[in-house]
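Undergrad: Input: one structure, supplied below.
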Amino acid sequence: MKLNIALIQMDIVFGDPVANFQKAERLIEEAMRQNPEVIVFPELWTTGYDLANLPDIGDTNAQETIDFFRTKAKQYNVHFVGGSIAKKQEDGIYNTLLVVNQHGELVHQYSKLHLFQLMDEHLHLKAGKEEGLFSLNNYTFAGQICYDIRFPEWMRTHVLNGAEAIFVVAEWPLPRLHHWKTLLTARAIENQCYIIACNCSGSNPSNVFAGHSLIIDPWGEIIAEGSEQEEIICGEIDLEKVKNVRNTIPVFDDRKPNLYKS
Ligand SMILES: NC(=O)CCC(=O)C(=O)O
C-alpha cells in the first residue's frame, strides 16, 4: 500500500492555543493542495512548551482538539496523526498523541512514555502507560513522541507487535539536530520500517527548534526532509518496501531474544 503523507512543520505560537488552531486551519488547507492521505502535526502543537501554564491552556480530555480533527478529517477525507497536545485529565496532564481517521473517528491516543527532564516535563506532566500501536486502512502503525526515540527497545516493541511505519511527533531543539537525524535513521535501519517524523520550527523563550522533519525508508534512505523554517513536507511511503528489505536482510529471523537479558 502506498500513502502520500504531509508533515506540518509548524512554528508553534508559544502558549496561545487560539492562534495555533487558526494557523493549523490555514496549514491544513495549504497541505491539501498536495493531496495527502495522512497529515501529521508536531508535539504539543496547541500550546508549545508553556508547561507552567498548561493547567489553564491544556485541553480537558483533549476534546477541543479531537473535535477539530474530526471536523477537518471529514471535510477533507484525510487521516490525521494529530501531533500531541497537553491533555488535562483528573489525575494530571499528559502529552498525548491523537490519531483520527478519514471518517472522523478517533482511532488511538498515545501518551508520551519517557518524560524529558532537560525540558522539565517531569515537573509538569504525567507519563503514559499504554503503547502507541494503531491501524489505518488495515495496516499497523505506531506513534512515538520525541524523546521516546532515544529508547530503541520501545520502538522495537511496537515493530515486533506489527508496526511497519512509525510516526514520530516532536519539538526537537536545533543544538541536537545531529542526534535527531542519527537516531531516526538508526531506528529505520534497525527496525527495517518507515520513520515519519514531524518536528516543529521556530523558537520559544528557552529553545530554538530544529525543523528538519523527515521521512526515512526501511533501508535508511531519506525520502523527504524539511528545512529549519515553517513549511509542509510531503513524501510517499510504500509498505511493500518493508517486506523487500526484511527479505533481503532477515534481521527478525536472526534475532536471539533469549540472550538479550540484562
Ligand atoms: N521534546 C522532547 O522530548 C525533546 C527531546 C530532546 O530534545 C532530546 O534530545 O532527546
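Here's how to read the names in the C-alpha cells: chain A, B, ... by the order shown, residue numbers from 1 in each chain, ligand numbers from 1 in the order shown.
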Please list as a ChimeraX atom specification every residue within 10 Å of Lys241 of chain A, counting only C-alpha atoms and excluding residues in the same chain fewer than 4 positions away.
TA: /A:1-2,164,192-194,217-219,237,245-247
Undergrad: Enumerate as a JSON list (two decimals) with C-alpha atoms, in the first residue's frame all residues of segment 23-257 of chain A assigned to strand (DSSP E) by DSSP on the backbone, naming them with the chain letters and numbers the document uses.
TA:
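Heads up, here's the output in result04.json:
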```json
[["chain", "number", "residue", "atom", "x", "y", "z"],
["A", 38, "VAL", "CA", -2.29, 11.45, 6.04],
["A", 39, "ILE", "CA", -1.44, 14.79, 7.68],
["A", 40, "VAL", "CA", 0.94, 14.86, 10.65],
["A", 59, "ASP", "CA", -7.20, 20.75, 26.60],
["A", 60, "THR", "CA", -9.59, 18.98, 29.02],
["A", 79, "HIS", "CA", -6.33, 10.83, 8.20],
["A", 80, "PHE", "CA", -4.63, 12.83, 10.96],
["A", 81, "VAL", "CA", -1.74, 11.80, 13.14],
["A", 82, "GLY", "CA", -2.60, 14.88, 15.06],
["A", 83, "GLY", "CA", 0.69, 15.59, 16.77],
["A", 84, "SER", "CA", 0.43, 15.62, 20.53],
["A", 85, "ILE", "CA", -1.31, 18.04, 22.82],
["A", 86, "ALA", "CA", -1.45, 18.73, 26.56],
["A", 87, "LYS", "CA", -4.40, 16.61, 27.65],
["A", 88, "LYS", "CA", -5.86, 17.53, 31.04],
["A", 89, "GLN", "CA", -7.27, 14.59, 32.99],
["A", 92, "GLY", "CA", -2.81, 15.16, 35.80],
["A", 93, "ILE", "CA", -1.71, 16.44, 32.40],
["A", 94, "TYR", "CA", -0.44, 14.08, 29.70],
["A", 95, "ASN", "CA", 1.47, 14.73, 26.46],
["A", 96, "THR", "CA", -0.92, 12.83, 24.21],
["A", 97, "LEU", "CA", -0.78, 11.94, 20.51],
["A", 98, "LEU", "CA", -4.17, 11.75, 18.75],
["A", 99, "VAL", "CA", -4.99, 9.68, 15.66],
["A", 100, "VAL", "CA", -8.22, 10.46, 13.81],
["A", 106, "LEU", "CA", -10.74, 8.75, 16.99],
["A", 107, "VAL", "CA", -8.55, 5.71, 16.32],
["A", 108, "HIS", "CA", -5.93, 5.96, 19.06],
["A", 109, "GLN", "CA", -4.45, 8.10, 21.82],
["A", 110, "TYR", "CA", -0.86, 7.54, 22.99],
["A", 111, "SER", "CA", 0.64, 9.46, 25.90],
["A", 133, "LEU", "CA", 0.05, 0.91, 18.07],
["A", 134, "PHE", "CA", -2.88, 1.80, 15.82],
["A", 135, "SER", "CA", -4.24, 0.85, 12.43],
["A", 136, "LEU", "CA", -5.31, 2.84, 9.39],
["A", 139, "TYR", "CA", -2.23, -1.55, 8.20],
["A", 140, "THR", "CA", -0.44, -1.37, 11.53],
["A", 141, "PHE", "CA", 1.42, 1.79, 12.52],
["A", 142, "ALA", "CA", 2.72, 3.23, 15.77],
["A", 143, "GLY", "CA", 3.14, 6.67, 17.28],
["A", 144, "GLN", "CA", 6.08, 7.85, 19.38],
["A", 145, "ILE", "CA", 6.76, 11.23, 20.90],
["A", 165, "ALA", "CA", 5.82, 2.55, 9.83],
["A", 166, "ILE", "CA", 6.40, 4.68, 12.93],
["A", 167, "PHE", "CA", 5.12, 8.23, 13.24],
["A", 168, "VAL", "CA", 7.24, 10.45, 15.48],
["A", 169, "VAL", "CA", 5.96, 13.85, 16.60],
["A", 194, "TYR", "CA", 9.45, 3.64, 7.68],
["A", 195, "ILE", "CA", 10.04, 6.53, 10.05],
["A", 196, "ILE", "CA", 7.76, 9.53, 9.51],
["A", 197, "ALA", "CA", 8.95, 12.28, 11.83],
["A", 198, "CYS", "CA", 7.31, 15.69, 12.17],
["A", 214, "LEU", "CA", 12.00, 13.54, 7.93],
["A", 215, "ILE", "CA", 10.51, 10.63, 6.07],
["A", 216, "ILE", "CA", 13.01, 7.75, 6.04],
["A", 222, "ILE", "CA", 15.78, 9.89, 3.33],
["A", 223, "ILE", "CA", 12.70, 10.35, 1.13],
["A", 224, "ALA", "CA", 11.84, 13.86, 2.29],
["A", 225, "GLU", "CA", 13.45, 16.38, 4.63],
["A", 231, "GLU", "CA", 6.76, 24.51, 5.88],
["A", 232, "ILE", "CA", 4.84, 21.48, 4.70],
["A", 233, "ILE", "CA", 6.94, 18.47, 3.73],
["A", 234, "CYS", "CA", 5.41, 15.75, 1.54],
["A", 235, "GLY", "CA", 6.52, 12.25, 0.65],
["A", 236, "GLU", "CA", 5.13, 8.89, -0.38],
["A", 237, "ILE", "CA", 5.66, 5.66, 1.52],
["A", 238, "ASP", "CA", 5.24, 2.18, 0.00]]
```
Undergrad: For a quick check of understanding, using only C-alpha atoms, which of A:Gln63, A:Asp253, A:Lys72, A:Glu171 has the smallest distance to Arg26 of chain A?
TA: A:Lys72
Undergrad: Nearest to Asn101 of chain A among A:Lys261, A:Lys74, A:Arg156, A:Arg176, with distances taken over only C-alpha atoms: which residue is it?
TA: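 The closest residue to Asn101 of chain A is A:Lys74.
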Undergrad: Identify, on the basis of only C-alpha atoms, every residue whose closest approach to Ile57 of chain A does not exceed 12 Å; exclude the query and any residue fewer than 4 positions from it along the same chain; express the result as a list in words.
TA: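 Counting only C-alpha atoms, the residues come to Phe14, Gly15, Asp16, Pro17, Val18, Asn20, Leu44, Trp45, Thr46, Thr47, Gly48, Tyr49, Asp50, Leu51, Ala52, Asn53, Ala62, Glu64, Ile85, Ala86, Lys87, Lys88 and Ile93 of chain A.
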Undergrad: Now that the selection is made, can you save its residues with C-alpha atoms as a PDB file, in the first residue's frame?
TA:
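Wrote it out as again_11.pdb, contents follow:
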```pdb
ATOM      1  CA  PHE A  14       4.050  29.802  22.496  1.00  0.00           C
ATOM      2  CA  GLY A  15       1.179  29.467  24.967  1.00  0.00           C
ATOM      3  CA  ASP A  16      -1.563  30.530  22.540  1.00  0.00           C
ATOM      4  CA  PRO A  17      -3.972  27.738  21.518  1.00  0.00           C
ATOM      5  CA  VAL A  18      -6.335  30.151  19.721  1.00  0.00           C
ATOM      6  CA  ASN A  20      -2.326  27.780  16.883  1.00  0.00           C
ATOM      7  CA  LEU A  44       2.387  19.912  21.860  1.00  0.00           C
ATOM      8  CA  TRP A  45       1.299  21.987  18.870  1.00  0.00           C
ATOM      9  CA  THR A  46      -1.616  23.798  20.541  1.00  0.00           C
ATOM     10  CA  THR A  47       0.402  25.220  23.465  1.00  0.00           C
ATOM     11  CA  GLY A  48       4.095  24.723  22.782  1.00  0.00           C
ATOM     12  CA  TYR A  49       6.274  24.072  25.838  1.00  0.00           C
ATOM     13  CA  ASP A  50       4.472  26.647  28.011  1.00  0.00           C
ATOM     14  CA  LEU A  51       4.408  23.958  30.694  1.00  0.00           C
ATOM     15  CA  ALA A  52       3.762  26.226  33.711  1.00  0.00           C
ATOM     16  CA  ASN A  53       0.514  27.438  32.125  1.00  0.00           C
ATOM     17  CA  ALA A  62      -8.362  16.596  24.526  1.00  0.00           C
ATOM     18  CA  GLU A  64     -11.435  20.560  21.602  1.00  0.00           C
ATOM     19  CA  ILE A  85      -1.310  18.040  22.819  1.00  0.00           C
ATOM     20  CA  ALA A  86      -1.450  18.733  26.559  1.00  0.00           C
ATOM     21  CA  LYS A  87      -4.400  16.607  27.651  1.00  0.00           C
ATOM     22  CA  LYS A  88      -5.856  17.528  31.044  1.00  0.00           C
ATOM     23  CA  ILE A  93      -1.708  16.438  32.401  1.00  0.00           C
TER      24      ILE A  93
END
```
Undergrad: How many Å separate atom CA of Pro173 of chain A from atom CA of Leu113 of chain A?
TA: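 Atom-to-atom, atom CA of Pro173 of chain A and atom CA of Leu113 of chain A are spaced 19.2 Å apart.
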Undergrad: List the neighbours of Leu27 of chain A out to 12 Å using only C-alpha atoms; skip same-chain residues closer than 2 positions along the sequence, and give me the result as a list of chain:residue names.
TA: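 These residues fall inside the cut-off: A:Ala6, A:Leu7, A:Ile8, A:Gln9, A:Met10, A:Asp11, A:Ile12, A:Asn20, A:Phe21, A:Gln22, A:Lys23, A:Ala24, A:Glu25, A:Glu29, A:Glu30, A:Ala31, A:Met32, A:Arg33, A:Gln34, A:Ile39, A:Val40, A:Phe41, A:Lys72, A:Glu230, A:Glu231, A:Ile232, A:Ile233.
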Undergrad: Could those residues be written to a file, using C-alpha atoms, as a short mmCIF file (atom, residue, chain, number, x, y, z; two decimals), in the first residue's frame?
TA:
```cif
data_model
loop_
_atom_site.label_atom_id
_atom_site.label_comp_id
_atom_site.auth_asym_id
_atom_site.auth_seq_id
_atom_site.Cartn_x
_atom_site.Cartn_y
_atom_site.Cartn_z
CA ALA A 6 2.18 15.66 4.59
CA LEU A 7 4.16 16.83 7.64
CA ILE A 8 3.13 20.20 9.07
CA GLN A 9 6.43 21.61 10.35
CA MET A 10 4.66 24.32 12.29
CA ASP A 11 6.20 27.33 14.03
CA ILE A 12 4.08 26.96 17.18
CA ASN A 20 -2.33 27.78 16.88
CA PHE A 21 -5.76 26.46 15.90
CA GLN A 22 -6.10 29.31 13.39
CA LYS A 23 -2.67 28.60 11.98
CA ALA A 24 -3.39 24.85 11.82
CA GLU A 25 -6.54 25.50 9.83
CA GLU A 29 -5.78 23.92 3.68
CA GLU A 30 -2.33 24.50 2.18
CA ALA A 31 -1.28 20.86 2.71
CA MET A 32 -4.42 19.58 0.98
CA ARG A 33 -3.21 21.11 -2.31
CA GLN A 34 -0.68 18.23 -2.42
CA ILE A 39 -1.44 14.79 7.68
CA VAL A 40 0.94 14.86 10.65
CA PHE A 41 1.36 17.60 13.29
CA LYS A 72 -11.18 18.52 9.32
CA GLU A 230 7.81 26.57 8.91
CA GLU A 231 6.76 24.51 5.88
CA ILE A 232 4.84 21.48 4.70
CA ILE A 233 6.94 18.47 3.73
#
```
Undergrad: Determine the nearest neighbour of ligand 1 from the options A:Asn4, A:Asn138, A:Ser201, A:Gln117, counting only C-alpha atoms and all ligand atoms.
TA: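 Looking at the shortest contact to ligand 1, the residue is A:Gln117.
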Undergrad: As a quick test: using only C-alpha atoms and all ligand atoms, which residues lie no more than 8 Å away from ligand 1? Give them as a list in words.
TA: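 What falls inside 8 Å of ligand 1 is Glu43, His114, Leu115, Phe116, Leu118, Met119, Ile145, Cys146, Tyr147, Asp148, Ile149, Arg150, Ala170, Glu171, Trp172, Pro173, Arg176, His179 and Trp180 of chain A.
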Undergrad: Could you write those residues out with N, CA and C atoms, as a PDB file, in the first residue's frame?
TA:
```pdb
ATOM      1  N   GLU A  43       4.703  17.827  18.080  1.00  0.00           N
ATOM      2  CA  GLU A  43       4.406  17.638  19.511  1.00  0.00           C
ATOM      3  C   GLU A  43       3.838  18.933  20.133  1.00  0.00           C
ATOM      4  N   HIS A 114       8.260   8.410  27.947  1.00  0.00           N
ATOM      5  CA  HIS A 114       9.516   8.870  28.545  1.00  0.00           C
ATOM      6  C   HIS A 114       9.485  10.399  28.651  1.00  0.00           C
ATOM      7  N   LEU A 115       9.449  10.900  29.863  1.00  0.00           N
ATOM      8  CA  LEU A 115       9.390  12.360  30.037  1.00  0.00           C
ATOM      9  C   LEU A 115      10.809  12.933  29.995  1.00  0.00           C
ATOM     10  N   PHE A 116      10.960  14.075  29.330  1.00  0.00           N
ATOM     11  CA  PHE A 116      12.283  14.644  29.050  1.00  0.00           C
ATOM     12  C   PHE A 116      12.640  15.674  30.123  1.00  0.00           C
ATOM     13  N   LEU A 118      15.323  17.361  30.727  1.00  0.00           N
ATOM     14  CA  LEU A 118      16.056  18.566  30.317  1.00  0.00           C
ATOM     15  C   LEU A 118      15.087  19.707  29.967  1.00  0.00           C
ATOM     16  N   MET A 119      13.871  19.372  29.583  1.00  0.00           N
ATOM     17  CA  MET A 119      12.879  20.415  29.290  1.00  0.00           C
ATOM     18  C   MET A 119      11.758  20.415  30.345  1.00  0.00           C
ATOM     19  N   ILE A 145       6.670   9.788  20.682  1.00  0.00           N
ATOM     20  CA  ILE A 145       6.760  11.232  20.903  1.00  0.00           C
ATOM     21  C   ILE A 145       8.189  11.608  21.301  1.00  0.00           C
ATOM     22  N   CYS A 146       8.853  12.302  20.406  1.00  0.00           N
ATOM     23  CA  CYS A 146      10.123  12.996  20.618  1.00  0.00           C
ATOM     24  C   CYS A 146      11.159  12.173  21.396  1.00  0.00           C
ATOM     25  N   TYR A 147      11.375  12.455  22.666  1.00  0.00           N
ATOM     26  CA  TYR A 147      12.404  11.799  23.482  1.00  0.00           C
ATOM     27  C   TYR A 147      12.281  10.269  23.422  1.00  0.00           C
ATOM     28  N   ASP A 148      11.080   9.750  23.141  1.00  0.00           N
ATOM     29  CA  ASP A 148      10.879   8.293  23.007  1.00  0.00           C
ATOM     30  C   ASP A 148      11.878   7.667  22.037  1.00  0.00           C
ATOM     31  N   ILE A 149      12.360   8.456  21.045  1.00  0.00           N
ATOM     32  CA  ILE A 149      13.236   7.833  20.026  1.00  0.00           C
ATOM     33  C   ILE A 149      14.602   7.445  20.585  1.00  0.00           C
ATOM     34  N   ARG A 150      14.909   7.926  21.806  1.00  0.00           N
ATOM     35  CA  ARG A 150      16.187   7.524  22.428  1.00  0.00           C
ATOM     36  C   ARG A 150      16.086   6.157  23.097  1.00  0.00           C
ATOM     37  N   ALA A 170       7.359  15.704  17.337  1.00  0.00           N
ATOM     38  CA  ALA A 170       8.451  16.219  18.158  1.00  0.00           C
ATOM     39  C   ALA A 170       8.474  17.737  18.257  1.00  0.00           C
ATOM     40  N   GLU A 171       9.141  18.189  19.350  1.00  0.00           N
ATOM     41  CA  GLU A 171       9.654  19.570  19.446  1.00  0.00           C
ATOM     42  C   GLU A 171      11.127  19.387  19.797  1.00  0.00           C
ATOM     43  N   TRP A 172      11.930  19.151  18.778  1.00  0.00           N
ATOM     44  CA  TRP A 172      13.345  18.774  18.995  1.00  0.00           C
ATOM     45  C   TRP A 172      14.221  19.995  18.747  1.00  0.00           C
ATOM     46  N   PRO A 173      15.040  20.381  19.724  1.00  0.00           N
ATOM     47  CA  PRO A 173      15.858  21.593  19.581  1.00  0.00           C
ATOM     48  C   PRO A 173      17.027  21.452  18.598  1.00  0.00           C
ATOM     49  N   ARG A 176      20.647  19.761  19.010  1.00  0.00           N
ATOM     50  CA  ARG A 176      20.789  18.295  18.935  1.00  0.00           C
ATOM     51  C   ARG A 176      20.244  17.748  17.609  1.00  0.00           C
ATOM     52  N   HIS A 179      21.681  14.460  16.673  1.00  0.00           N
ATOM     53  CA  HIS A 179      21.079  13.297  17.341  1.00  0.00           C
ATOM     54  C   HIS A 179      19.762  12.923  16.661  1.00  0.00           C
ATOM     55  N   TRP A 180      18.955  13.957  16.350  1.00  0.00           N
ATOM     56  CA  TRP A 180      17.640  13.735  15.712  1.00  0.00           C
ATOM     57  C   TRP A 180      17.794  12.892  14.443  1.00  0.00           C
TER      58      TRP A 180
END
```
Undergrad: Got a sec: who's within 10 Å of Gln75 of chain A, counting only C-alpha atoms, leaving out chain neighbours fewer than 4 positions off, as a PyMOL selection string?
TA: chain A and resi 69-71+102-104
Undergrad: Could you write out that same residue set with C-alpha atoms as a PDB file, in the first residue's frame?
TA:
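Done, and the output landed in result04.pdb:
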```pdb
ATOM      1  CA  PHE A  69      -9.505  16.902  13.800  1.00  0.00           C
ATOM      2  CA  ARG A  70     -12.872  15.128  13.423  1.00  0.00           C
ATOM      3  CA  THR A  71     -14.255  18.094  11.515  1.00  0.00           C
ATOM      4  CA  GLN A 102     -10.627   9.993   7.413  1.00  0.00           C
ATOM      5  CA  HIS A 103     -14.150   9.242   8.678  1.00  0.00           C
ATOM      6  CA  GLY A 104     -13.591  11.460  11.690  1.00  0.00           C
TER       7      GLY A 104
END
```
Undergrad: Atom CA of Ser227 of chain A and atom CA of His212 of chain A, how far apart in Å?
TA: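 Straight-line distance from atom CA of His212 of chain A to atom CA of Ser227 of chain A works out to 5.2 Å.
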Undergrad: Apply DSSP to the backbone of this structure and, from segment 95-260 of chain A, keep only the residues in alpha helix (DSSP H); write these as a PDB file with C-alpha atoms, in the first residue's frame.
TA:
```
ATOM      1  CA  GLU A 121       8.496  17.621  31.520  1.00  0.00           C
ATOM      2  CA  HIS A 122       8.756  15.525  34.681  1.00  0.00           C
ATOM      3  CA  LEU A 123       7.744  18.594  36.774  1.00  0.00           C
ATOM      4  CA  HIS A 124       4.506  19.264  34.870  1.00  0.00           C
ATOM      5  CA  PRO A 152      15.256   1.702  20.906  1.00  0.00           C
ATOM      6  CA  GLU A 153      13.613  -1.077  22.901  1.00  0.00           C
ATOM      7  CA  TRP A 154      10.335   0.883  22.994  1.00  0.00           C
ATOM      8  CA  MET A 155      10.224   1.302  19.221  1.00  0.00           C
ATOM      9  CA  ARG A 156      11.331  -2.320  18.730  1.00  0.00           C
ATOM     10  CA  THR A 157       8.416  -3.447  20.917  1.00  0.00           C
ATOM     11  CA  HIS A 158       6.000  -1.739  18.523  1.00  0.00           C
ATOM     12  CA  VAL A 159       7.700  -3.210  15.459  1.00  0.00           C
ATOM     13  CA  LEU A 160       7.618  -6.713  16.964  1.00  0.00           C
ATOM     14  CA  LEU A 177      19.865  18.142  15.232  1.00  0.00           C
ATOM     15  CA  HIS A 178      22.686  15.630  14.743  1.00  0.00           C
ATOM     16  CA  HIS A 179      21.079  13.297  17.341  1.00  0.00           C
ATOM     17  CA  TRP A 180      17.640  13.735  15.712  1.00  0.00           C
ATOM     18  CA  LYS A 181      18.809  12.633  12.274  1.00  0.00           C
ATOM     19  CA  THR A 182      21.136   9.908  13.518  1.00  0.00           C
ATOM     20  CA  LEU A 183      18.664   8.337  15.944  1.00  0.00           C
ATOM     21  CA  LEU A 184      15.784   8.396  13.441  1.00  0.00           C
ATOM     22  CA  THR A 185      17.934   6.897  10.681  1.00  0.00           C
ATOM     23  CA  ALA A 186      19.182   4.177  13.035  1.00  0.00           C
ATOM     24  CA  ARG A 187      15.607   3.387  14.172  1.00  0.00           C
ATOM     25  CA  ALA A 188      14.573   2.991  10.486  1.00  0.00           C
ATOM     26  CA  ILE A 189      17.546   0.762   9.588  1.00  0.00           C
ATOM     27  CA  GLU A 190      17.481  -1.475  12.663  1.00  0.00           C
ATOM     28  CA  ASN A 191      13.700  -1.949  12.559  1.00  0.00           C
ATOM     29  CA  GLU A 240       5.781  -3.237   0.095  1.00  0.00           C
ATOM     30  CA  LYS A 241       9.312  -1.929   0.595  1.00  0.00           C
ATOM     31  CA  VAL A 242       9.232  -3.070   4.244  1.00  0.00           C
ATOM     32  CA  LYS A 243       8.771  -6.692   3.118  1.00  0.00           C
ATOM     33  CA  ASN A 244      11.503  -6.357   0.472  1.00  0.00           C
ATOM     34  CA  VAL A 245      14.069  -5.032   2.947  1.00  0.00           C
ATOM     35  CA  ARG A 246      13.170  -7.660   5.554  1.00  0.00           C
ATOM     36  CA  ASN A 247      13.570 -10.410   2.920  1.00  0.00           C
ATOM     37  CA  THR A 248      16.954  -9.049   1.832  1.00  0.00           C
ATOM     38  CA  VAL A 251      17.059  -9.375  10.888  1.00  0.00           C
ATOM     39  CA  PHE A 252      13.831 -10.504  12.509  1.00  0.00           C
ATOM     40  CA  ASP A 253      14.570 -14.196  11.791  1.00  0.00           C
ATOM     41  CA  ASP A 254      18.144 -13.838  13.045  1.00  0.00           C
TER      42      ASP A 254
END
```
Undergrad: Work out how far apart atom CA of Gly162 of chain A and atom CA of Leu259 of chain A are and give it in Å to one decimal.
TA: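 Between these atoms lies a distance of 22.0 Å.
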